[in-house]
>>> print(open('entry_1.cif').read())   # mmCIF, C-alpha atoms
data_entry
#
loop_
_atom_site.label_atom_id
_atom_site.label_comp_id
_atom_site.auth_asym_id
_atom_site.auth_seq_id
_atom_site.Cartn_x
_atom_site.Cartn_y
_atom_site.Cartn_z
CA MET E 11 0.00 0.00 0.00
CA ARG E 12 1.32 3.43 -0.96
CA TRP E 13 0.49 5.90 1.77
CA ASN E 14 1.65 8.86 -0.31
CA GLU E 15 -1.16 8.35 -2.87
CA ILE E 16 -3.71 7.63 -0.13
CA GLY E 17 -2.69 10.85 1.63
CA LYS E 18 -3.09 12.86 -1.56
CA PHE E 19 -6.48 11.26 -2.22
CA LEU E 20 -7.72 12.07 1.30
CA ILE E 21 -6.40 15.65 1.15
CA VAL E 22 -8.12 16.39 -2.18
CA ALA E 23 -11.36 14.60 -1.25
CA LEU E 24 -11.66 16.15 2.22
CA THR E 25 -10.81 19.62 0.85
CA ILE E 26 -13.64 19.35 -1.68
CA ILE E 27 -16.11 18.00 0.92
CA GLY E 28 -15.11 20.65 3.47
CA GLY E 29 -15.29 23.44 0.90
CA PHE E 30 -18.76 22.28 -0.14
CA CYS E 31 -20.04 22.24 3.45
CA VAL E 32 -18.63 25.70 4.23
CA TYR E 33 -19.27 27.62 1.02
CA ILE E 34 -22.36 26.09 -0.60
CA SER E 35 -24.86 28.12 1.46
CA PRO E 36 -23.27 31.60 1.13
CA LEU E 37 -22.44 30.92 -2.52
CA SER E 38 -26.02 29.97 -3.41
CA GLN E 39 -27.40 32.99 -1.53
CA SER E 40 -25.06 35.38 -3.34
CA ILE E 41 -26.63 34.58 -6.74
CA LYS E 42 -29.29 37.02 -7.88
CA GLN E 43 -32.78 35.56 -7.78
CA GLY E 44 -35.59 35.98 -10.27
CA LEU E 45 -39.17 37.03 -9.77
CA ASP E 46 -40.40 33.50 -9.09
CA LEU E 47 -37.97 33.06 -6.17
CA GLN E 48 -38.00 36.38 -4.35
CA GLY E 49 -41.33 37.88 -5.41
CA GLY E 50 -41.96 41.12 -7.26
CA THR E 51 -44.15 42.52 -10.01
CA HIS E 52 -45.08 41.16 -13.45
CA VAL E 53 -46.48 43.74 -15.88
CA VAL E 54 -47.84 43.31 -19.40
CA LEU E 55 -47.76 46.49 -21.49
CA GLN E 56 -49.43 46.94 -24.87
CA ALA E 57 -48.69 49.51 -27.54
CA VAL E 58 -51.87 51.00 -29.00
CA ASP E 59 -52.58 53.08 -32.05
CA THR E 60 -53.53 56.74 -31.77
CA PRO E 61 -54.69 59.15 -34.48
CA GLU E 62 -51.21 60.68 -34.49
CA LEU E 63 -49.04 57.58 -34.03
CA LYS E 64 -49.44 54.05 -35.37
CA VAL E 65 -47.84 50.96 -33.86
CA ASP E 66 -45.19 49.32 -35.99
CA ASP E 67 -42.22 47.02 -35.40
CA ASP E 68 -39.69 49.83 -35.07
CA ALA E 69 -41.85 51.79 -32.61
CA VAL E 70 -42.26 48.79 -30.29
CA ASN E 71 -38.52 48.03 -30.38
CA ARG E 72 -37.73 51.65 -29.48
CA ALA E 73 -40.34 51.52 -26.69
CA VAL E 74 -38.59 48.45 -25.23
CA LYS E 75 -35.25 50.30 -25.12
CA ILE E 76 -36.78 53.40 -23.51
CA ILE E 77 -38.61 51.33 -20.87
CA GLU E 78 -35.35 49.50 -20.17
CA ARG E 79 -33.55 52.82 -19.65
CA ARG E 80 -36.27 54.02 -17.28
CA ILE E 81 -36.08 50.87 -15.18
CA ASN E 82 -32.29 50.99 -15.06
CA GLU E 83 -32.47 54.63 -13.91
CA LEU E 84 -34.72 53.51 -11.05
CA GLY E 85 -31.91 51.25 -9.82
CA LEU E 86 -33.97 48.04 -9.85
CA THR E 87 -31.87 44.87 -9.90
CA GLU E 88 -32.17 42.23 -12.60
CA PRO E 89 -35.36 43.36 -14.34
CA VAL E 90 -36.62 41.32 -17.27
CA ILE E 91 -37.85 43.38 -20.23
CA GLN E 92 -38.84 41.49 -23.35
CA ARG E 93 -41.08 41.89 -26.33
CA GLN E 94 -43.98 39.50 -26.78
CA GLY E 95 -45.71 39.18 -30.14
CA LYS E 96 -46.50 42.17 -32.30
CA ASP E 97 -47.33 44.88 -29.77
CA ARG E 98 -46.79 43.65 -26.20
CA ILE E 99 -43.93 44.16 -23.76
CA ILE E 100 -43.39 41.98 -20.69
CA VAL E 101 -41.70 43.58 -17.68
CA GLU E 102 -40.71 41.67 -14.54
CA LEU E 103 -39.39 43.59 -11.54
CA PRO E 104 -37.96 41.23 -8.88
CA GLY E 105 -38.03 42.55 -5.32
CA VAL E 106 -39.49 45.96 -6.25
CA LYS E 107 -40.62 47.79 -3.10
CA ASP E 108 -43.01 50.29 -4.66
CA PRO E 109 -44.58 48.63 -7.73
CA GLU E 110 -47.26 51.31 -8.26
CA LYS E 111 -44.74 54.08 -8.83
CA ALA E 112 -42.62 51.87 -11.06
CA ILE E 113 -45.64 50.88 -13.17
CA ALA E 114 -46.78 54.50 -13.42
CA MET E 115 -43.41 55.38 -14.96
CA LEU E 116 -43.35 52.48 -17.41
CA GLY E 117 -46.37 53.46 -19.47
CA ARG E 118 -46.05 57.23 -19.28
CA THR E 119 -45.36 58.73 -22.70
CA ALA E 120 -43.24 61.60 -21.29
CA MET E 121 -43.63 63.87 -24.33
CA LEU E 122 -42.04 67.20 -23.31
CA HIS E 123 -42.33 70.47 -25.20
CA PHE E 124 -42.09 74.24 -24.65
CA GLU E 125 -44.82 76.53 -25.98
CA ASP E 126 -44.91 80.29 -26.41
CA ASP E 127 -47.96 82.32 -25.33
CA LYS E 128 -49.63 81.60 -28.69
CA GLY E 129 -49.37 77.83 -28.25
CA ASN E 130 -46.59 77.31 -30.77
CA VAL E 131 -44.22 74.44 -29.93
CA VAL E 132 -40.63 75.70 -30.00
CA LEU E 133 -38.61 73.04 -28.13
CA THR E 134 -39.20 69.33 -27.54
CA GLY E 135 -37.63 66.59 -25.45
CA SER E 136 -35.31 65.78 -28.35
CA ASP E 137 -33.50 69.08 -27.60
CA LEU E 138 -32.60 67.93 -24.08
CA LYS E 139 -29.10 66.89 -23.10
CA ASP E 140 -29.72 66.08 -19.43
CA ALA E 141 -32.26 66.42 -16.62
CA LYS E 142 -31.51 66.24 -12.89
CA ALA E 143 -33.51 66.62 -9.70
CA GLN E 144 -32.36 69.51 -7.49
CA ILE E 145 -33.39 71.93 -4.79
CA ASN E 146 -33.78 75.47 -6.11
CA ASN E 147 -33.10 78.80 -4.39
CA ASN E 148 -36.58 78.81 -2.85
CA ASN E 149 -35.86 75.46 -1.18
CA GLN E 150 -38.29 73.70 -3.54
CA ALA E 151 -37.85 70.42 -5.41
CA ALA E 152 -37.26 71.08 -9.09
CA VAL E 153 -35.85 69.51 -12.23
CA GLY E 154 -32.88 71.20 -13.81
CA LEU E 155 -32.80 70.95 -17.62
CA GLU E 156 -29.73 71.20 -19.80
CA PHE E 157 -30.23 71.58 -23.55
CA ASN E 158 -27.93 70.49 -26.34
CA ASP E 159 -26.34 73.15 -28.56
CA ALA E 160 -29.32 73.40 -30.91
CA GLY E 161 -31.78 73.36 -28.02
CA GLY E 162 -29.84 76.06 -26.17
CA LYS E 163 -30.12 78.41 -29.15
CA LYS E 164 -33.84 77.69 -29.50
CA PHE E 165 -34.41 78.38 -25.80
CA ALA E 166 -32.47 81.63 -25.94
CA ASP E 167 -34.52 82.75 -28.97
CA LEU E 168 -37.76 81.70 -27.24
CA THR E 169 -37.03 83.70 -24.10
CA ALA E 170 -35.77 86.70 -26.10
CA ARG E 171 -39.03 86.89 -28.07
CA ASN E 172 -41.23 86.42 -25.01
CA VAL E 173 -39.85 88.79 -22.36
CA GLY E 174 -42.79 89.79 -20.15
CA ARG E 175 -44.89 86.90 -21.43
CA LYS E 176 -45.48 83.35 -20.26
CA ILE E 177 -43.91 80.26 -21.77
CA ALA E 178 -45.44 76.90 -20.90
CA ILE E 179 -43.53 73.71 -20.13
CA VAL E 180 -45.88 70.87 -21.10
CA LEU E 181 -45.51 67.15 -20.40
CA ASP E 182 -48.04 64.77 -21.98
CA ASP E 183 -50.48 67.65 -22.62
CA GLU E 184 -50.27 68.73 -18.96
CA VAL E 185 -48.79 72.14 -18.16
CA LEU E 186 -46.15 71.59 -15.50
CA THR E 187 -45.28 75.25 -15.09
CA ALA E 188 -45.82 78.51 -17.01
CA PRO E 189 -43.35 81.13 -15.76
CA VAL E 190 -43.21 84.74 -17.00
CA VAL E 191 -39.95 85.44 -18.80
CA GLN E 192 -38.08 88.25 -17.07
CA GLU E 193 -35.08 88.36 -19.42
CA THR E 194 -33.34 86.46 -22.18
CA ILE E 195 -31.92 83.18 -20.81
CA THR E 196 -28.70 81.99 -22.36
CA GLY E 197 -26.45 79.10 -21.41
CA GLY E 198 -28.88 76.37 -22.44
CA ARG E 199 -30.38 75.74 -19.00
CA ALA E 200 -33.91 75.87 -17.58
CA GLN E 201 -35.81 74.64 -14.56
CA ILE E 202 -39.15 72.87 -14.01
CA THR E 203 -40.80 73.59 -10.66
CA GLY E 204 -43.98 72.23 -9.12
CA SER E 205 -42.72 68.87 -7.80
CA HIS E 206 -44.00 68.11 -4.31
CA ASN E 207 -40.75 66.50 -3.13
CA ILE E 208 -37.30 65.54 -4.35
CA GLU E 209 -38.42 61.95 -5.09
CA GLU E 210 -41.13 63.17 -7.45
CA ALA E 211 -38.60 65.47 -9.11
CA GLU E 212 -36.19 62.57 -9.54
CA HIS E 213 -38.87 60.44 -11.22
CA LEU E 214 -39.68 63.27 -13.61
CA ALA E 215 -35.97 63.69 -14.36
CA ILE E 216 -35.71 59.97 -15.14
CA LEU E 217 -38.60 60.21 -17.58
CA LEU E 218 -37.01 63.16 -19.34
CA ARG E 219 -33.54 61.61 -19.46
CA SER E 220 -34.79 58.32 -20.89
CA GLY E 221 -36.84 60.05 -23.60
CA SER E 222 -40.46 59.91 -24.66
CA LEU E 223 -42.14 56.73 -25.84
CA PRO E 224 -42.73 56.62 -29.61
CA VAL E 225 -46.27 55.20 -29.16
CA LYS E 226 -48.93 55.13 -26.49
CA ILE E 227 -48.51 52.34 -23.94
CA GLU E 228 -51.27 50.85 -21.79
CA VAL E 229 -50.96 48.50 -18.80
CA MET E 230 -52.87 45.32 -19.72
CA GLU E 231 -51.93 43.18 -16.72
CA ASN E 232 -50.32 43.82 -13.36
CA ARG E 233 -49.61 40.75 -11.25
CA THR E 234 -47.73 40.76 -7.97
CA VAL E 235 -45.79 37.70 -6.83
CA GLY E 236 -45.55 37.94 -3.06
CA PRO E 237 -42.33 37.15 -1.16
CA THR E 238 -44.17 34.33 0.63
CA LEU E 239 -44.98 32.58 -2.65
CA GLY E 240 -41.44 33.14 -3.84
CA GLN E 241 -40.04 31.73 -0.59
CA ASP E 242 -42.30 28.70 -0.89
CA SER E 243 -41.03 28.07 -4.42
CA LYS E 244 -37.45 28.43 -3.21
CA GLU E 245 -37.94 25.95 -0.37
CA LYS E 246 -39.50 23.37 -2.68
CA SER E 247 -36.65 23.83 -5.14
CA ILE E 248 -34.05 23.34 -2.41
CA LYS E 249 -35.88 20.22 -1.27
CA ALA E 250 -35.92 18.84 -4.81
CA PHE E 251 -32.21 19.68 -5.15
CA ILE E 252 -31.33 17.82 -1.92
CA ILE E 253 -33.44 14.80 -2.86
CA GLY E 254 -31.86 14.70 -6.32
CA ILE E 255 -28.32 14.91 -4.93
CA ALA E 256 -29.02 12.26 -2.27
CA GLY E 257 -30.57 9.91 -4.84
CA VAL E 258 -27.57 10.24 -7.15
CA PHE E 259 -25.14 9.68 -4.26
CA ILE E 260 -26.89 6.52 -3.10
CA PHE E 261 -27.13 5.14 -6.64
CA MET E 262 -23.42 5.63 -7.28
CA LEU E 263 -22.42 4.09 -3.95
CA ILE E 264 -24.58 0.99 -4.48
CA PHE E 265 -23.56 0.26 -8.06
CA TYR E 266 -19.97 1.53 -8.18
CA ARG E 267 -18.73 1.53 -4.56
CA PHE E 268 -15.26 3.13 -4.44
CA SER E 269 -15.70 4.50 -7.95
CA GLY E 270 -19.03 5.89 -6.76
CA ILE E 271 -17.34 7.64 -3.85
CA VAL E 272 -14.95 9.29 -6.30
CA ALA E 273 -17.85 10.36 -8.53
CA ASP E 274 -19.78 11.78 -5.55
CA VAL E 275 -16.80 13.86 -4.44
CA ALA E 276 -16.34 15.17 -7.98
CA LEU E 277 -20.06 15.99 -8.08
CA LEU E 278 -19.74 18.20 -4.99
CA LEU E 279 -16.98 20.16 -6.72
CA TYR E 280 -19.09 20.34 -9.86
CA VAL E 281 -22.02 21.93 -7.99
CA MET E 282 -19.72 24.51 -6.39
CA LEU E 283 -18.09 25.38 -9.72
CA LEU E 284 -21.51 25.75 -11.36
CA LEU E 285 -22.78 28.15 -8.68
CA LEU E 286 -19.48 30.04 -8.76
CA ALA E 287 -19.73 30.46 -12.53
CA MET E 288 -23.29 31.75 -12.23
CA ARG E 289 -22.18 34.17 -9.51
CA TYR E 290 -19.39 35.71 -11.57
CA LEU E 291 -21.39 35.72 -14.79
CA ASP E 292 -24.00 37.75 -12.87
CA ALA E 293 -26.69 35.25 -13.91
CA THR E 294 -30.16 35.34 -12.37
CA LEU E 295 -31.42 32.16 -10.75
CA THR E 296 -35.03 31.24 -11.54
CA LEU E 297 -37.15 28.10 -11.08
CA PRO E 298 -36.37 26.89 -14.62
CA GLY E 299 -32.71 27.65 -13.86
CA ILE E 300 -32.85 25.38 -10.81
CA ALA E 301 -34.43 22.72 -13.00
CA GLY E 302 -31.50 23.14 -15.37
CA ILE E 303 -29.05 22.67 -12.48
CA ILE E 304 -30.80 19.50 -11.29
CA LEU E 305 -30.87 18.15 -14.86
CA SER E 306 -27.20 18.96 -15.35
CA ILE E 307 -26.35 17.05 -12.15
CA GLY E 308 -27.86 13.93 -13.71
CA MET E 309 -25.86 14.59 -16.87
CA ALA E 310 -22.67 15.04 -14.85
CA ILE E 311 -23.18 11.65 -13.24
CA ASP E 312 -24.06 10.19 -16.64
CA ALA E 313 -20.53 10.99 -17.82
CA ASN E 314 -19.11 9.14 -14.82
CA VAL E 315 -21.40 6.17 -15.45
CA LEU E 316 -20.13 5.90 -19.04
CA ILE E 317 -16.54 5.98 -17.81
CA PHE E 318 -17.09 3.42 -15.06
CA GLU E 319 -18.96 1.02 -17.37
CA ARG E 320 -16.07 1.17 -19.84
CA PHE E 321 -13.74 0.62 -16.88
CA LYS E 322 -15.70 -2.52 -15.90
CA GLU E 323 -15.65 -3.83 -19.47
CA GLU E 324 -11.88 -3.52 -19.63
CA ILE E 325 -11.49 -5.44 -16.36
CA ARG E 326 -13.76 -8.19 -17.70
CA ASN E 327 -11.43 -8.39 -20.70
CA GLY E 328 -8.57 -9.25 -18.37
CA ARG E 329 -6.86 -5.89 -17.84
CA THR E 330 -5.44 -4.77 -14.51
CA LEU E 331 -7.17 -1.97 -12.58
CA ARG E 332 -4.58 0.59 -13.75
CA SER E 333 -4.73 -0.23 -17.45
CA ALA E 334 -8.51 -0.70 -17.31
CA MET E 335 -8.94 2.76 -15.83
CA ASP E 336 -6.83 4.43 -18.53
CA ALA E 337 -8.56 2.49 -21.30
CA GLY E 338 -11.99 3.20 -19.82
CA PHE E 339 -11.42 6.94 -19.76
CA SER E 340 -9.92 7.09 -23.26
CA ARG E 341 -12.75 5.03 -24.79
CA ALA E 342 -15.58 6.84 -22.97
CA ILE E 343 -14.41 10.38 -23.64
CA ILE E 344 -15.52 10.36 -27.29
CA THR E 345 -19.04 9.25 -26.35
CA ILE E 346 -19.22 11.86 -23.60
CA PHE E 347 -18.01 14.59 -25.94
CA ASP E 348 -20.55 13.70 -28.65
CA SER E 349 -23.52 13.60 -26.28
CA ASN E 350 -22.56 16.86 -24.60
CA ILE E 351 -22.08 18.67 -27.92
CA THR E 352 -25.65 17.83 -28.93
CA THR E 353 -26.93 19.07 -25.56
CA LEU E 354 -24.97 22.30 -25.95
CA MET E 355 -26.52 22.78 -29.39
CA ALA E 356 -30.00 22.37 -27.88
CA ALA E 357 -29.14 24.86 -25.11
CA ALA E 358 -27.91 27.35 -27.71
CA VAL E 359 -31.20 27.09 -29.62
CA LEU E 360 -33.19 27.57 -26.40
CA PHE E 361 -31.11 30.63 -25.49
CA TYR E 362 -31.41 32.18 -28.94
CA LEU E 363 -35.13 31.56 -29.43
CA GLY E 364 -36.31 31.58 -25.82
CA THR E 365 -37.14 34.47 -23.54
CA GLY E 366 -36.78 35.18 -19.82
CA PRO E 367 -36.84 31.96 -17.73
CA VAL E 368 -36.22 29.78 -20.79
CA LYS E 369 -32.92 31.59 -21.34
CA GLY E 370 -32.08 31.04 -17.66
CA PHE E 371 -32.67 27.32 -18.12
CA ALA E 372 -30.47 27.29 -21.23
CA VAL E 373 -27.62 29.11 -19.43
CA THR E 374 -27.54 26.78 -16.43
CA LEU E 375 -27.82 23.73 -18.67
CA ALA E 376 -24.93 24.86 -20.91
CA LEU E 377 -22.73 25.75 -17.94
CA GLY E 378 -23.56 22.41 -16.36
CA VAL E 379 -22.60 20.46 -19.47
CA ILE E 380 -19.25 22.24 -19.83
CA LEU E 381 -18.34 21.87 -16.15
CA SER E 382 -19.49 18.24 -16.02
CA MET E 383 -17.07 17.41 -18.81
CA PHE E 384 -14.30 19.14 -16.88
CA THR E 385 -14.94 17.34 -13.59
CA ALA E 386 -15.46 13.96 -15.28
CA VAL E 387 -12.24 13.95 -17.29
CA THR E 388 -10.01 15.69 -14.73
CA ILE E 389 -11.19 15.46 -11.11
CA THR E 390 -12.77 12.00 -11.34
CA ARG E 391 -9.77 10.64 -13.21
CA MET E 392 -7.28 12.17 -10.79
CA LEU E 393 -9.03 10.83 -7.68
CA LEU E 394 -9.59 7.39 -9.18
CA ARG E 395 -5.94 7.21 -10.30
CA LEU E 396 -4.72 8.11 -6.80
CA LEU E 397 -6.99 5.47 -5.27
CA ILE E 398 -5.94 2.71 -7.66
CA PHE E 399 -2.23 3.60 -7.66
CA SER E 400 -2.20 3.51 -3.85
CA ASN E 401 -2.82 -0.26 -4.04
CA PHE E 402 -5.46 0.23 -1.35
CA THR E 403 -7.20 -2.75 -2.90
CA LYS E 404 -6.79 -4.82 -6.05
CA ASN E 405 -10.15 -6.51 -5.69
CA PRO E 406 -12.50 -5.49 -8.56
CA THR E 407 -15.48 -6.07 -6.26
CA PHE E 408 -14.72 -2.78 -4.50
CA PHE E 409 -15.21 -1.00 -7.82
CA GLY E 410 -18.65 -2.49 -8.48
CA ILE E 411 -17.45 -5.67 -10.17
CA GLY E 412 -17.90 -9.21 -8.81
CA VAL E 413 -15.76 -12.28 -9.65
CA GLY E 414 -17.57 -15.55 -10.38
CA LYS E 415 -16.55 -19.01 -9.20
CA ALA E 416 -14.97 -19.92 -12.50
CA GLY E 417 -12.84 -16.82 -12.49
CA GLU E 418 -15.15 -14.98 -14.90
CA VAL E 419 -15.48 -11.35 -14.02
CA SER E 420 -19.13 -10.31 -13.95
CA LYS E 421 -21.53 -7.97 -12.25
#
>>> encode(input="entry_1.cif", output="structure tokens")
Amino acid sequence: MRWNEIGKFLIVALTIIGGFCVYISPLSQSIKQGLDLQGGTHVVLQAVDTPELKVDDDAVNRAVKIIERRINELGLTEPVIQRQGKDRIIVELPGVKDPEKAIAMLGRTAMLHFEDDKGNVVLTGSDLKDAKAQINNNNQAAVGLEFNDAGGKKFADLTARNVGRKIAIVLDDEVLTAPVVQETITGGRAQITGSHNIEEAEHLAILLRSGSLPVKIEVMENRTVGPTLGQDSKEKSIKAFIIGIAGVFIFMLIFYRFSGIVADVALLLYVMLLLLAMRYLDATLTLPGIAGIILSIGMAIDANVLIFERFKEEIRNGRTLRSAMDAGFSRAIITIFDSNITTLMAAAVLFYLGTGPVKGFAVTLALGVILSMFTAVTITRMLLRLLIFSNFTKNPTFFGIGVGKAGEVSK
């Protein structure tokens, strides 16, 4: 018996097991969670025709981008914004604390323009460069506007022609303020007053910064997923994950014994690597994503099963444990590679054609396939080599193979 190899095997195996026990909980909790796990708001928006504006493909695509900018400005984490069909937009806001305000901002057209006292439109939101919430000299919440070069010239001309008269600042056909011009204003800056507080001013500034929607948007559906429901889904998913892992562990131990122990240790490392990859890719974990993880665990073990069955065949053909292991790995790797390539192709199609949770499933499945190949051909092989080379046992029975009375090696 070679104690050096046994020591290396125990060090690697115990390090993986210890790392799994210590880091699996904080690692899983550090991954961003989707709407179905932490609760939030699901909104269906629909673009509708108006006498002035008609819904077309380009208008809906631009509306999606503007809504995305508005949500990002609100600072919401991991929103899902996607187009559905010809004229609908799906918005999911995980963990949003004030859904009513968020929804009110999503469908607001935010069409800004400046009118002179005769009702002529001189400037529009397209002339804006920036908009920021601020507190003015009268200690009131306001929105400071900064125009681009062309807009600054228009504003200076507007104020020069209307000294002593009112100019109206209109948003979505509602007059926000109509100050009397005291003098010509140069420098390309203006201010909108009338906000009740700084938060309201900030929301208005976000609308103006993100731009006006190209078509009218109506809220068709507003569904709230409560944190309790999300927590219940999470607990059931964790339970399914534990049952799946335990079932795989028991199966491998019964049918492959020492080889099964090696596979189970490699599986623990595989799960940690998968969660770590999701964490640093900033992926969002959803229920379909958890399903993808559980499915990929079965696929990871499937690679080990192929290797171990080849290993057993080589022993039945009269090879020693060492040569059978090397031959088993080299013969199984082609089959593993082929099957995983087809799965990766399916995941790529799902990611390209799918939306939202379907993409999450595709991502976890693809990551799982890649990492399962890595752990199967490196970690499993290294641990099994250390165990066999240590001469801990030369009896094939301990690797899931029995020897018959006539010397024939069989299950």
>>> residues_around(input="entry_1.cif", residues="Val235 in chain E", least_positions_apart="4", cutoff="12 Å", atoms="only C-alpha atoms", output="PyMOL selection string")
chain E and resi 44-53+102-107+109+239-243
>>> atom_distance(input="entry_1.cif", atom1="CA of Val65 in chain E", atom2="CA of Leu223 in chain E")
11.4 Å
>>> axis_aligned_box(input="entry_1.cif", around="range 391-400 of chain E", padding_each_side="6 Å", output="lines of an AutoDock Vina configuration file")
center_x = -6.0
center_y = 7.4
center_z = -8.5
size_x = 19.6
size_y = 21.5
size_z = 21.4
>>> closest_residue(input="entry_1.cif", among="E:Ser35, E:Asn405, E:Ser306, E:Asn207", to="Gly254 in chain E", atoms="all atoms listed in the file")
E:Ser306
>>> closest_residue(input="entry_1.cif", among="E:Ile227, E:Ala151, E:Lys139, E:Asn314", to="Arg199 in chain E", atoms="only C-alpha atoms")
E:Lys139
>>> residues_around(input="entry_1.cif", residues="Ile41 in chain E", least_positions_apart="4", cutoff="10 Å", atoms="all atoms listed in the file", output="PyMOL selection string")
chain E and resi 36-37+285-295
>>> residues_around(input="entry_1.cif", residues="Val132 in chain E", least_positions_apart="3", cutoff="12 Å", atoms="all atoms listed in the file", output="number ranges by chain")
E: 122-129, 135-137, 160-169, 171-172, 177-180
>>> closest_residue(input="entry_1.cif", among="E:Ile300, E:Leu283, E:Leu354, E:Val387", to="Ile317 in chain E", atoms="all atoms listed in the file")
E:Val387
>>> closest_residue(input="entry_1.cif", among="E:Met121, E:Met115, E:Val229, E:Leu218", to="Phe157 in chain E", atoms="only C-alpha atoms")
E:Leu218
>>> resolve_selection(input="entry_1.cif", expression="the PyMOL selection byres ((chain E and resi 143-148) around 10)", output="PyMOL selection string")
chain E and resi 141-142+149-155+201-203+205+207-216
>>> atom_distance(input="entry_1.cif", atom1="CA of Thr234 in chain E", atom2="CA of Gly302 in chain E")
25.1 Å
>>> resolve_selection(input="entry_1.cif", expression="the PyMOL selection byres ((chain E and resi 56) around 8)", output="list in words")
Val54, Leu55, Ala57, Val58, Asp97, Arg98, Ile99, Ile227, Glu228, Val229 and Met230 of chain E
>>> residues_near_point(input="entry_1.cif", point="(-43.5, 52.4, -20.9)", cutoff="10 Å", atoms="all atoms listed in the file", output="ChimeraX atom specification")
/E:55-57,73-78,80-81,99,101,112-120,217,222-229
>>> write_last_selection(input="entry_1.cif", atoms="C-alpha atoms", output="PDB file, in the coordinates of the input")
ATOM      1  CA  LEU E  55     -47.760  46.490 -21.490  1.00  0.00           C
ATOM      2  CA  GLN E  56     -49.430  46.940 -24.870  1.00  0.00           C
ATOM      3  CA  ALA E  57     -48.690  49.510 -27.540  1.00  0.00           C
ATOM      4  CA  ALA E  73     -40.340  51.520 -26.690  1.00  0.00           C
ATOM      5  CA  VAL E  74     -38.590  48.450 -25.230  1.00  0.00           C
ATOM      6  CA  LYS E  75     -35.250  50.300 -25.120  1.00  0.00           C
ATOM      7  CA  ILE E  76     -36.780  53.400 -23.510  1.00  0.00           C
ATOM      8  CA  ILE E  77     -38.610  51.330 -20.870  1.00  0.00           C
ATOM      9  CA  GLU E  78     -35.350  49.500 -20.170  1.00  0.00           C
ATOM     10  CA  ARG E  80     -36.270  54.020 -17.280  1.00  0.00           C
ATOM     11  CA  ILE E  81     -36.080  50.870 -15.180  1.00  0.00           C
ATOM     12  CA  ILE E  99     -43.930  44.160 -23.760  1.00  0.00           C
ATOM     13  CA  VAL E 101     -41.700  43.580 -17.680  1.00  0.00           C
ATOM     14  CA  ALA E 112     -42.620  51.870 -11.060  1.00  0.00           C
ATOM     15  CA  ILE E 113     -45.640  50.880 -13.170  1.00  0.00           C
ATOM     16  CA  ALA E 114     -46.780  54.500 -13.420  1.00  0.00           C
ATOM     17  CA  MET E 115     -43.410  55.380 -14.960  1.00  0.00           C
ATOM     18  CA  LEU E 116     -43.350  52.480 -17.410  1.00  0.00           C
ATOM     19  CA  GLY E 117     -46.370  53.460 -19.470  1.00  0.00           C
ATOM     20  CA  ARG E 118     -46.050  57.230 -19.280  1.00  0.00           C
ATOM     21  CA  THR E 119     -45.360  58.730 -22.700  1.00  0.00           C
ATOM     22  CA  ALA E 120     -43.240  61.600 -21.290  1.00  0.00           C
ATOM     23  CA  LEU E 217     -38.600  60.210 -17.580  1.00  0.00           C
ATOM     24  CA  SER E 222     -40.460  59.910 -24.660  1.00  0.00           C
ATOM     25  CA  LEU E 223     -42.140  56.730 -25.840  1.00  0.00           C
ATOM     26  CA  PRO E 224     -42.730  56.620 -29.610  1.00  0.00           C
ATOM     27  CA  VAL E 225     -46.270  55.200 -29.160  1.00  0.00           C
ATOM     28  CA  LYS E 226     -48.930  55.130 -26.490  1.00  0.00           C
ATOM     29  CA  ILE E 227     -48.510  52.340 -23.940  1.00  0.00           C
ATOM     30  CA  GLU E 228     -51.270  50.850 -21.790  1.00  0.00           C
ATOM     31  CA  VAL E 229     -50.960  48.500 -18.800  1.00  0.00           C
TER      32      VAL E 229
END
